[in-house]
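S.K.: Input file: coords_25.pdb. Contents: PDB, C-alpha atoms.
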```pdb
ATOM      1  CA  ALA A 206      12.644   1.101  -5.858
ATOM      2  CA  ILE A 207      11.961  -1.286  -8.712
ATOM      3  CA  SER A 208      15.425  -2.827  -8.667
ATOM      4  CA  CYS A 209      15.152  -3.524  -4.927
ATOM      5  CA  LEU A 210      11.840  -5.300  -5.437
ATOM      6  CA  LEU A 211      13.120  -7.343  -8.350
ATOM      7  CA  GLY A 212      16.280  -8.258  -6.465
ATOM      8  CA  SER A 213      14.240  -9.447  -3.517
ATOM      9  CA  ALA A 214      11.660 -11.379  -5.524
ATOM     10  CA  TYR A 215      13.893 -12.798  -8.273
ATOM     11  CA  SER A 216      17.413 -12.978  -6.905
ATOM     12  CA  PRO A 217      19.996 -14.179  -9.463
ATOM     13  CA  TRP A 218      21.973 -15.794  -6.613
ATOM     14  CA  LEU A 219      18.964 -17.941  -5.758
ATOM     15  CA  ARG A 220      18.297 -19.072  -9.358
ATOM     16  CA  PHE A 221      15.773 -16.253  -9.805
ATOM     17  CA  ARG A 222      13.733 -17.385  -6.868
ATOM     18  CA  GLY A 223      13.444 -15.253  -3.831
ATOM     19  CA  GLY A 224      11.137 -13.944  -1.197
ATOM     20  CA  LYS A 225       7.644 -12.618  -1.631
ATOM     21  CA  SER A 226       8.805  -8.994  -1.331
ATOM     22  CA  ILE A 227       6.567  -7.907   1.538
ATOM     23  CA  ALA A 228       9.357  -6.555   3.741
ATOM     24  CA  CYS A 229      11.110  -5.064   0.728
ATOM     25  CA  THR A 230       7.875  -3.348  -0.321
ATOM     26  CA  PHE A 231       7.503  -1.837   3.125
ATOM     27  CA  GLY A 232      11.135  -0.697   3.138
ATOM     28  CA  VAL A 233      11.069   0.779  -0.363
ATOM     29  CA  TRP A 234       7.937   2.804   0.286
ATOM     30  CA  THR A 235       9.237   3.951   3.653
ATOM     31  CA  GLY A 236      12.331   5.268   1.883
ATOM     32  CA  VAL A 237      10.282   6.990  -0.809
ATOM     33  CA  LEU A 238       7.505   8.500   1.312
ATOM     34  CA  MET A 239       9.043   8.659   4.799
ATOM     35  CA  TYR A 240       6.291   8.649   7.454
ATOM     36  CA  GLU A 241       3.328   7.984   5.151
ATOM     37  CA  ALA A 242       4.277   4.444   4.175
ATOM     38  CA  PRO A 243       4.689   2.998   7.665
ATOM     39  CA  LEU A 244       1.591   4.823   8.817
ATOM     40  CA  PHE A 245      -0.861   4.045   6.007
ATOM     41  CA  LEU A 246       0.595   0.856   4.515
ATOM     42  CA  GLY A 247       1.025  -0.540   8.017
ATOM     43  CA  ALA A 248      -2.546   0.378   8.930
ATOM     44  CA  PHE A 249      -3.969  -1.231   5.779
ATOM     45  CA  LEU A 250      -1.906  -4.394   6.254
ATOM     46  CA  THR A 251      -2.951  -4.647   9.904
ATOM     47  CA  LEU A 252      -6.604  -4.186   8.998
ATOM     48  CA  TYR A 253      -6.544  -6.946   6.383
ATOM     49  CA  VAL A 254      -4.535  -9.311   8.600
ATOM     50  CA  LEU A 255      -7.236  -8.908  11.261
ATOM     51  CA  LEU A 256     -10.032  -9.543   8.739
ATOM     52  CA  LEU A 257      -8.667 -12.238   6.391
ATOM     53  CA  ARG A 258      -7.298 -15.737   6.944
ATOM     54  CA  THR A 259      -4.883 -15.814   4.021
ATOM     55  CA  ASP A 260      -1.833 -13.616   4.488
ATOM     56  CA  ALA A 261      -1.328 -13.347   0.730
ATOM     57  CA  TRP A 262      -4.717 -11.691   0.350
ATOM     58  CA  SER A 263      -3.923  -9.414   3.279
ATOM     59  CA  ALA A 264      -0.668  -8.302   1.663
ATOM     60  CA  VAL A 265      -2.114  -7.743  -1.805
ATOM     61  CA  LEU A 266      -5.294  -5.984  -0.673
ATOM     62  CA  GLY A 267      -3.337  -3.916   1.830
ATOM     63  CA  PHE A 268      -0.991  -2.717  -0.876
ATOM     64  CA  PHE A 269      -3.837  -1.997  -3.313
ATOM     65  CA  SER A 270      -5.520   0.059  -0.571
ATOM     66  CA  PHE A 271      -2.249   1.939  -0.118
ATOM     67  CA  LEU A 272      -2.156   2.596  -3.889
ATOM     68  CA  LEU A 273      -5.693   3.970  -3.725
ATOM     69  CA  TYR A 274      -4.588   6.244  -0.902
ATOM     70  CA  LEU A 275      -1.684   7.486  -3.054
ATOM     71  CA  TRP A 276      -4.033   8.081  -5.979
ATOM     72  CA  PHE A 277      -6.562  10.042  -3.883
ATOM     73  CA  ARG A 278      -3.700  12.002  -2.334
ATOM     74  CA  GLY A 279      -2.727  13.208  -5.809
ATOM     75  CA  SER A 280       0.659  11.533  -6.129
ATOM     76  CA  GLU A 281       2.770  11.928  -9.237
ATOM     77  CA  ALA A 282       2.274   9.526 -12.134
ATOM     78  CA  SER A 283       5.782   8.082 -11.749
ATOM     79  CA  LEU A 284       5.062   7.159  -8.146
ATOM     80  CA  LEU A 285       1.784   5.508  -9.112
ATOM     81  CA  MET A 286       3.499   3.582 -11.917
ATOM     82  CA  ALA A 287       6.148   2.305  -9.498
ATOM     83  CA  GLY A 288       3.312   1.283  -7.187
ATOM     84  CA  ALA A 289       1.533  -0.536 -10.013
ATOM     85  CA  PHE A 290       4.737  -2.418 -10.807
ATOM     86  CA  ASN A 291       5.122  -3.284  -7.131
ATOM     87  CA  ALA A 292       1.529  -4.564  -7.063
ATOM     88  CA  LEU A 293       2.261  -6.725 -10.103
ATOM     89  CA  VAL A 294       5.302  -8.268  -8.377
ATOM     90  CA  LEU A 295       3.239  -8.960  -5.251
ATOM     91  CA  VAL A 296       0.457 -10.613  -7.236
ATOM     92  CA  LEU A 297       2.913 -12.744  -9.224
ATOM     93  CA  LYS A 298       4.779 -13.879  -6.108
ATOM     94  CA  HIS A 299       1.563 -14.696  -4.227
ATOM     95  CA  ALA A 300      -0.391 -16.198  -7.160
ATOM     96  CA  ALA A 301      -0.543 -19.713  -5.715
ATOM     97  CA  ASP A 302      -1.881 -18.459  -2.384
ATOM     98  CA  LEU A 303      -4.434 -16.156  -4.028
ATOM     99  CA  ALA A 304      -6.141 -18.993  -5.899
ATOM    100  CA  GLY A 305      -8.478 -19.885  -3.037
ATOM    101  CA  GLY A 306     -10.038 -16.442  -2.784
ATOM    102  CA  PRO A 307     -10.212 -14.267   0.307
ATOM    103  CA  ARG A 308     -11.753 -15.934   3.338
ATOM    104  CA  PRO A 309     -12.739 -14.096   6.515
ATOM    105  CA  ARG A 310     -11.262 -14.908   9.907
ATOM    106  CA  PRO A 311     -13.407 -17.252  12.023
ATOM    107  CA  TRP A 312     -14.413 -14.492  14.454
ATOM    108  CA  LEU A 313     -15.664 -12.351  11.580
ATOM    109  CA  ALA A 314     -17.640 -15.238  10.086
ATOM    110  CA  ARG A 315     -19.249 -15.928  13.492
ATOM    111  CA  LEU A 316     -20.078 -12.236  13.823
ATOM    112  CA  ALA A 317     -21.796 -12.336  10.434
ATOM    113  CA  GLY A 318     -23.739 -15.482  11.416
ATOM    114  CA  GLN A 319     -21.943 -17.857   9.042
ATOM    115  CA  ARG A 320     -20.279 -21.156   9.875
TER     116      ARG A 320
END
```
Let me see whether you can do it: turn the structure in this file into structure tokens.

M.R.:
Amino acid sequence: AISCLLGSAYSPWLRFRGGKSIACTFGVWTGVLMYEAPLFLGAFLTLYVLLLRTDAWSAVLGFFSFLLYLWFRGSEASLLMAGAFNALVLVLKHAADLAGGPRPRPWLARLAGQR
């Protein structure tokens, strides 16, 4: 799982640049946990995409929510450590986009009475 993430994020054929590892994260966890990853990780990502403007924040918070789910579920320590490493890769790859802080979608701000 870790080598797939590193290969996607820091490909040696692309001068150690690569993607942001969102699709690879989804694929790795689907392979490791079968139905749970698409179900829960997909639900968390969808929730945050609906609530937040910045996709980077949606991806990172969605994955951290998925890690919390794994922790409450009682997953093994090795699985949680792989998840922590995956979270680190996601944060490093999205660092520039995370600088602005999470901002709500316009419909949510209107619902809360803000402009």

S.K.: For range 248-250 of chain A, work out the shell of residues within 7 Å, counting all atoms listed in the file and skipping chain neighbours fewer than 2 positions away, then give it as a ChimeraX atom specification.

M.R.: /A:244-246,252-254,263-264,267,270-271

S.K.: Would you please work out which residue, of A:Gly247, A:Pro217, A:Ala206, A:Ala317, is nearest to Gly288 in chain A when using all atoms listed in the file?

M.R.: A:Ala206

S.K.: Expand the PyMOL selection byres ((chain A and resi 292-308) around 8) into the explicit residue set it covers here, and present it as a PDB file with C-alpha atoms, in the frame of the given file.

M.R.:
```
ATOM      1  CA  LEU A 210      11.840  -5.300  -5.437  1.00  0.00           C
ATOM      2  CA  LEU A 211      13.120  -7.343  -8.350  1.00  0.00           C
ATOM      3  CA  ALA A 214      11.660 -11.379  -5.524  1.00  0.00           C
ATOM      4  CA  LYS A 225       7.644 -12.618  -1.631  1.00  0.00           C
ATOM      5  CA  SER A 226       8.805  -8.994  -1.331  1.00  0.00           C
ATOM      6  CA  ILE A 227       6.567  -7.907   1.538  1.00  0.00           C
ATOM      7  CA  LEU A 257      -8.667 -12.238   6.391  1.00  0.00           C
ATOM      8  CA  ARG A 258      -7.298 -15.737   6.944  1.00  0.00           C
ATOM      9  CA  THR A 259      -4.883 -15.814   4.021  1.00  0.00           C
ATOM     10  CA  ALA A 261      -1.328 -13.347   0.730  1.00  0.00           C
ATOM     11  CA  TRP A 262      -4.717 -11.691   0.350  1.00  0.00           C
ATOM     12  CA  ALA A 264      -0.668  -8.302   1.663  1.00  0.00           C
ATOM     13  CA  VAL A 265      -2.114  -7.743  -1.805  1.00  0.00           C
ATOM     14  CA  PHE A 268      -0.991  -2.717  -0.876  1.00  0.00           C
ATOM     15  CA  PHE A 269      -3.837  -1.997  -3.313  1.00  0.00           C
ATOM     16  CA  GLY A 288       3.312   1.283  -7.187  1.00  0.00           C
ATOM     17  CA  ALA A 289       1.533  -0.536 -10.013  1.00  0.00           C
ATOM     18  CA  PHE A 290       4.737  -2.418 -10.807  1.00  0.00           C
ATOM     19  CA  ASN A 291       5.122  -3.284  -7.131  1.00  0.00           C
ATOM     20  CA  PRO A 309     -12.739 -14.096   6.515  1.00  0.00           C
ATOM     21  CA  ARG A 310     -11.262 -14.908   9.907  1.00  0.00           C
TER      22      ARG A 310
END
```

S.K.: If we count only C-alpha atoms, what is near Phe231 in chain A at a cut-off of 8 Å, once residues fewer than 2 positions away on the same chain are taken out, given as a PyMOL selection string?

M.R.: chain A and resi 227-229+233-235+242-243+246

S.K.: Please indicate the distance in Å from CA of Leu272 in chain A to CA of Ser213 in chain A, rounded to one decimal place.

M.R.: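 These two atoms are separated by 20.3 Å.
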
S.K.: One number please: CA of Glu281 in chain A to CA of Tyr240 in chain A, in Å, one decimal.

M.R.: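 Computing it gives 17.4 Å between the two atoms.
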
S.K.: For a quick check of understanding, using only C-alpha atoms, which of A:Ala282, A:Leu275, A:Leu256, A:Leu219 has the smallest distance to Leu313 in chain A?

M.R.: A:Leu256

S.K.: So how far away is CA of Phe221 in chain A from CA of Leu266 in chain A, in Å?

M.R.: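 For CA of Leu266 in chain A relative to CA of Phe221 in chain A, the distance reads 25.2 Å.
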
S.K.: Looking at all atoms listed in the file, which of A:Ala314, A:Leu255, A:Ile207, A:Tyr215 is the one that sits closest to Gly232 in chain A?

M.R.: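 Under the stated criterion, the closest residue is A:Ile207.
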